[in-house]
Amino acid sequence: MDLDAVRTFVIVVDAGQFQAAADELGVTQQAVSKRMAALERSLGVALFVRSARGTRLSADGRSFLPHARDLVRVAARAAESVRSGRRPVRIDVLNRRTAPATSLHGFHRTRPEVELDVVTLSEKDAGSAVAAVVDGDIDATFRALVSTGGRIDAPLRAARVIDDRHQLLVGPRHELAGRTSVTLADLREHRVRMPGMRADTEWGAYYDELARTFGLWIDTTGPSFGAEALLDEVAASAELSTFVGEGSRYLWPEAYDLRRIPIVDPAPVYPHSLVWRGDNRHPVLAAFLDHLRGLRRSTPADRVWAPSWAC
């Protein structure tokens, strides 16, 4: 059913004349007549009774009219739901503990009126997340873009928006627990525990290059039993440590007395890029990009380290 024809039918009824409806629509009376004839053919009934005295609604026309009004109202509501950013913007943050989720939460605190749909797609498959952006299933995703060297092809766009600085997390009995900062050279003799870190993930590629570049002992053996189990291990150990992002959020019992220690000179940063379709005009997405760009720090290149594939 041609929705424009249905809308024209309602206007004809309300205006009372084909010519008046044509004037309201900005078309010719002939165009209105053609739309009505096509609508009648598609329905298989005559909506109007035409006579020398004029045109009036038929019995079928009167029966169809309330449903036609409903169709026009539903169509208007459907269009309005996606206009002017009225639908929620849908963003993949990989993990609700990490810096992308923290940044999105911070944006929402400054703009509580906006509607957000926060999702966490597979951490192991950047390709499926990027494909979801292409298909329009999500508006944007945070990814490291290891395989593409930080670049991406049209219709997508990507921008490196978060450099999440790393910190060392240790328990109170660890040798470095009293330090206010550490260097990567300080960590060469210490075991950094990152269980379950697979080489074929974005994170795995990052930590592999970090370990090779600075001669670090990053222990990825064994399965991951989750962040809580790892924090429990680190808190009880005088030898184990782990890496956490400056923007990551973790909670632990006060008795653990865990210490976040900044890593400096250089500070390793994980490069989060936001990927979105270049033709996505959702105003909330544009506002979020502006928010992220406003948070970027300007740091001399020799003070930070990023992997070779980051750009």
# chains A, B, ... in the order shown; residues from 1 in each chain; ligands from 1
>>> residues_around(residues="region 227-233 of chain A", least_positions_apart="6", cutoff="8 Å", atoms="only C-alpha atoms", output="number ranges by chain")
A: 240, 252, 256
>>> residues_around(residues="Asp302 (chain A)", least_positions_apart="5", cutoff="10 Å", atoms="only C-alpha atoms", output="short mmCIF file (atom, residue, chain, number, x, y, z; two decimals) with N, CA, C and O atoms, in the first residue's frame")
data_model
loop_
_atom_site.label_atom_id
_atom_site.label_comp_id
_atom_site.auth_asym_id
_atom_site.auth_seq_id
_atom_site.Cartn_x
_atom_site.Cartn_y
_atom_site.Cartn_z
N ASP A 265 57.65 7.34 32.17
CA ASP A 265 58.91 7.52 31.41
C ASP A 265 59.45 6.26 30.74
O ASP A 265 60.55 5.83 31.06
N PRO A 266 58.76 5.70 29.76
CA PRO A 266 57.48 6.14 29.22
C PRO A 266 56.31 5.43 29.90
O PRO A 266 56.47 4.35 30.46
N ALA A 267 55.15 6.06 29.79
CA ALA A 267 53.93 5.44 30.28
C ALA A 267 53.31 4.65 29.13
O ALA A 267 53.02 5.23 28.08
#
>>> select_by_dssp(residues="region 36-125 of chain A", states="strand (DSSP E)", output="PyMOL selection string")
chain A and resi 48-51+54-57+89-92+116-119
>>> closest_atom_pairs(of="region 64-144 of chain A", to="region 162-185 of chain A", cutoff="12 Å", atoms="only C-alpha atoms", output="CSV")
residue,atom,partner,partner_atom,distance
A:Thr98,CA,A:Asp164,CA,9.0
A:Ala99,CA,A:Asp164,CA,6.6
A:Pro100,CA,A:Ile162,CA,7.6
A:Ala101,CA,A:Ile162,CA,11.2
A:Thr102,CA,A:Ile162,CA,10.8
A:Ser103,CA,A:Ile162,CA,8.8
A:Leu104,CA,A:Ile162,CA,11.4
A:Phe142,CA,A:Ile162,CA,9.4
A:Arg143,CA,A:Ile162,CA,10.4
A:Ala144,CA,A:Ile162,CA,10.2
>>> write_last_selection(atoms="all heavy atoms", output="PDB file, in the first residue's frame")
ATOM      1  N   THR A  98      36.353  -0.996  31.560  1.00  0.00           N
ATOM      2  CA  THR A  98      37.494  -0.324  30.952  1.00  0.00           C
ATOM      3  C   THR A  98      37.216   1.137  30.602  1.00  0.00           C
ATOM      4  O   THR A  98      36.097   1.637  30.734  1.00  0.00           O
ATOM      5  CB  THR A  98      37.946  -1.083  29.695  1.00  0.00           C
ATOM      6  OG1 THR A  98      36.827  -1.216  28.816  1.00  0.00           O
ATOM      7  CG2 THR A  98      38.457  -2.464  30.067  1.00  0.00           C
ATOM      8  N   ALA A  99      38.280   1.807  30.118  1.00  0.00           N
ATOM      9  CA  ALA A  99      38.222   3.247  29.871  1.00  0.00           C
ATOM     10  C   ALA A  99      37.106   3.681  28.929  1.00  0.00           C
ATOM     11  O   ALA A  99      36.479   4.724  29.162  1.00  0.00           O
ATOM     12  CB  ALA A  99      39.576   3.724  29.351  1.00  0.00           C
ATOM     13  N   PRO A 100      36.806   2.951  27.827  1.00  0.00           N
ATOM     14  CA  PRO A 100      35.696   3.393  26.985  1.00  0.00           C
ATOM     15  C   PRO A 100      34.371   3.499  27.744  1.00  0.00           C
ATOM     16  O   PRO A 100      33.635   4.463  27.567  1.00  0.00           O
ATOM     17  CB  PRO A 100      35.646   2.308  25.902  1.00  0.00           C
ATOM     18  CG  PRO A 100      37.053   1.842  25.783  1.00  0.00           C
ATOM     19  CD  PRO A 100      37.563   1.842  27.195  1.00  0.00           C
ATOM     20  N   ALA A 101      34.086   2.502  28.588  1.00  0.00           N
ATOM     21  CA  ALA A 101      32.849   2.559  29.372  1.00  0.00           C
ATOM     22  C   ALA A 101      32.882   3.728  30.347  1.00  0.00           C
ATOM     23  O   ALA A 101      31.874   4.420  30.551  1.00  0.00           O
ATOM     24  CB  ALA A 101      32.646   1.249  30.124  1.00  0.00           C
ATOM     25  N   THR A 102      34.049   3.967  30.954  1.00  0.00           N
ATOM     26  CA  THR A 102      34.190   5.086  31.882  1.00  0.00           C
ATOM     27  C   THR A 102      33.957   6.416  31.174  1.00  0.00           C
ATOM     28  O   THR A 102      33.282   7.313  31.696  1.00  0.00           O
ATOM     29  CB  THR A 102      35.586   5.074  32.525  1.00  0.00           C
ATOM     30  OG1 THR A 102      35.790   3.828  33.192  1.00  0.00           O
ATOM     31  CG2 THR A 102      35.746   6.203  33.521  1.00  0.00           C
ATOM     32  N   SER A 103      34.502   6.544  29.960  1.00  0.00           N
ATOM     33  CA  SER A 103      34.336   7.790  29.211  1.00  0.00           C
ATOM     34  C   SER A 103      32.886   7.996  28.796  1.00  0.00           C
ATOM     35  O   SER A 103      32.368   9.118  28.829  1.00  0.00           O
ATOM     36  CB  SER A 103      35.245   7.796  27.986  1.00  0.00           C
ATOM     37  OG  SER A 103      34.856   6.799  27.056  1.00  0.00           O
ATOM     38  N   LEU A 104      32.209   6.909  28.418  1.00  0.00           N
ATOM     39  CA  LEU A 104      30.809   7.019  28.029  1.00  0.00           C
ATOM     40  C   LEU A 104      29.940   7.389  29.239  1.00  0.00           C
ATOM     41  O   LEU A 104      29.003   8.194  29.130  1.00  0.00           O
ATOM     42  CB  LEU A 104      30.334   5.709  27.411  1.00  0.00           C
ATOM     43  CG  LEU A 104      28.968   5.713  26.716  1.00  0.00           C
ATOM     44  CD1 LEU A 104      28.904   6.788  25.647  1.00  0.00           C
ATOM     45  CD2 LEU A 104      28.673   4.353  26.118  1.00  0.00           C
ATOM     46  N   PHE A 142      34.421   0.777  20.170  1.00  0.00           N
ATOM     47  CA  PHE A 142      35.799   1.076  20.558  1.00  0.00           C
ATOM     48  C   PHE A 142      36.660  -0.130  20.208  1.00  0.00           C
ATOM     49  O   PHE A 142      36.405  -1.236  20.700  1.00  0.00           O
ATOM     50  CB  PHE A 142      35.889   1.342  22.062  1.00  0.00           C
ATOM     51  CG  PHE A 142      35.439   2.708  22.478  1.00  0.00           C
ATOM     52  CD1 PHE A 142      34.142   2.926  22.901  1.00  0.00           C
ATOM     53  CD2 PHE A 142      36.322   3.784  22.448  1.00  0.00           C
ATOM     54  CE1 PHE A 142      33.713   4.176  23.304  1.00  0.00           C
ATOM     55  CE2 PHE A 142      35.910   5.045  22.849  1.00  0.00           C
ATOM     56  CZ  PHE A 142      34.603   5.243  23.276  1.00  0.00           C
ATOM     57  N   ARG A 143      37.697   0.074  19.403  1.00  0.00           N
ATOM     58  CA  ARG A 143      38.578  -1.015  18.993  1.00  0.00           C
ATOM     59  C   ARG A 143      40.012  -0.502  18.883  1.00  0.00           C
ATOM     60  O   ARG A 143      40.257   0.685  18.722  1.00  0.00           O
ATOM     61  CB  ARG A 143      38.146  -1.597  17.648  1.00  0.00           C
ATOM     62  CG  ARG A 143      36.796  -2.287  17.703  1.00  0.00           C
ATOM     63  CD  ARG A 143      36.864  -3.599  18.459  1.00  0.00           C
ATOM     64  NE  ARG A 143      35.575  -3.991  18.997  1.00  0.00           N
ATOM     65  CZ  ARG A 143      35.350  -5.137  19.618  1.00  0.00           C
ATOM     66  NH1 ARG A 143      36.324  -6.006  19.788  1.00  0.00           N
ATOM     67  NH2 ARG A 143      34.165  -5.420  20.094  1.00  0.00           N
ATOM     68  N   ALA A 144      40.951  -1.451  18.962  1.00  0.00           N
ATOM     69  CA  ALA A 144      42.363  -1.089  18.821  1.00  0.00           C
ATOM     70  C   ALA A 144      42.802  -1.108  17.369  1.00  0.00           C
ATOM     71  O   ALA A 144      43.800  -0.497  17.009  1.00  0.00           O
ATOM     72  CB  ALA A 144      43.233  -2.057  19.631  1.00  0.00           C
TER      73      ALA A 144
END
>>> residues_around(residues="Leu187 (chain A)", least_positions_apart="4", cutoff="9 Å", atoms="only C-alpha atoms", output="PyMOL selection string")
chain A and resi 182-183+191-192+215-217
>>> write_last_selection(atoms="C-alpha atoms", output="compact mmCIF listing (two decimals), in the first residue's frame")
# COMPACT_ATOMS: atom_id res chain seq x y z
CA VAL A 182 57.61 2.82 38.58
CA THR A 183 59.30 2.58 35.21
CA ARG A 191 56.01 -11.25 37.39
CA VAL A 192 53.02 -9.44 35.91
CA GLY A 215 61.77 -7.34 28.25
CA LEU A 216 58.87 -7.78 30.65
CA TRP A 217 57.71 -11.01 32.29
>>> atom_distance(atom1="CA of Trp305 (chain A)", atom2="CA of Pro268 (chain A)")
4.6 Å
>>> closest_residue(among="A:Val6, A:Ala126, A:Ala79, A:Ile91", to="Leu47 (chain A)", atoms="only C-alpha atoms")
A:Val6
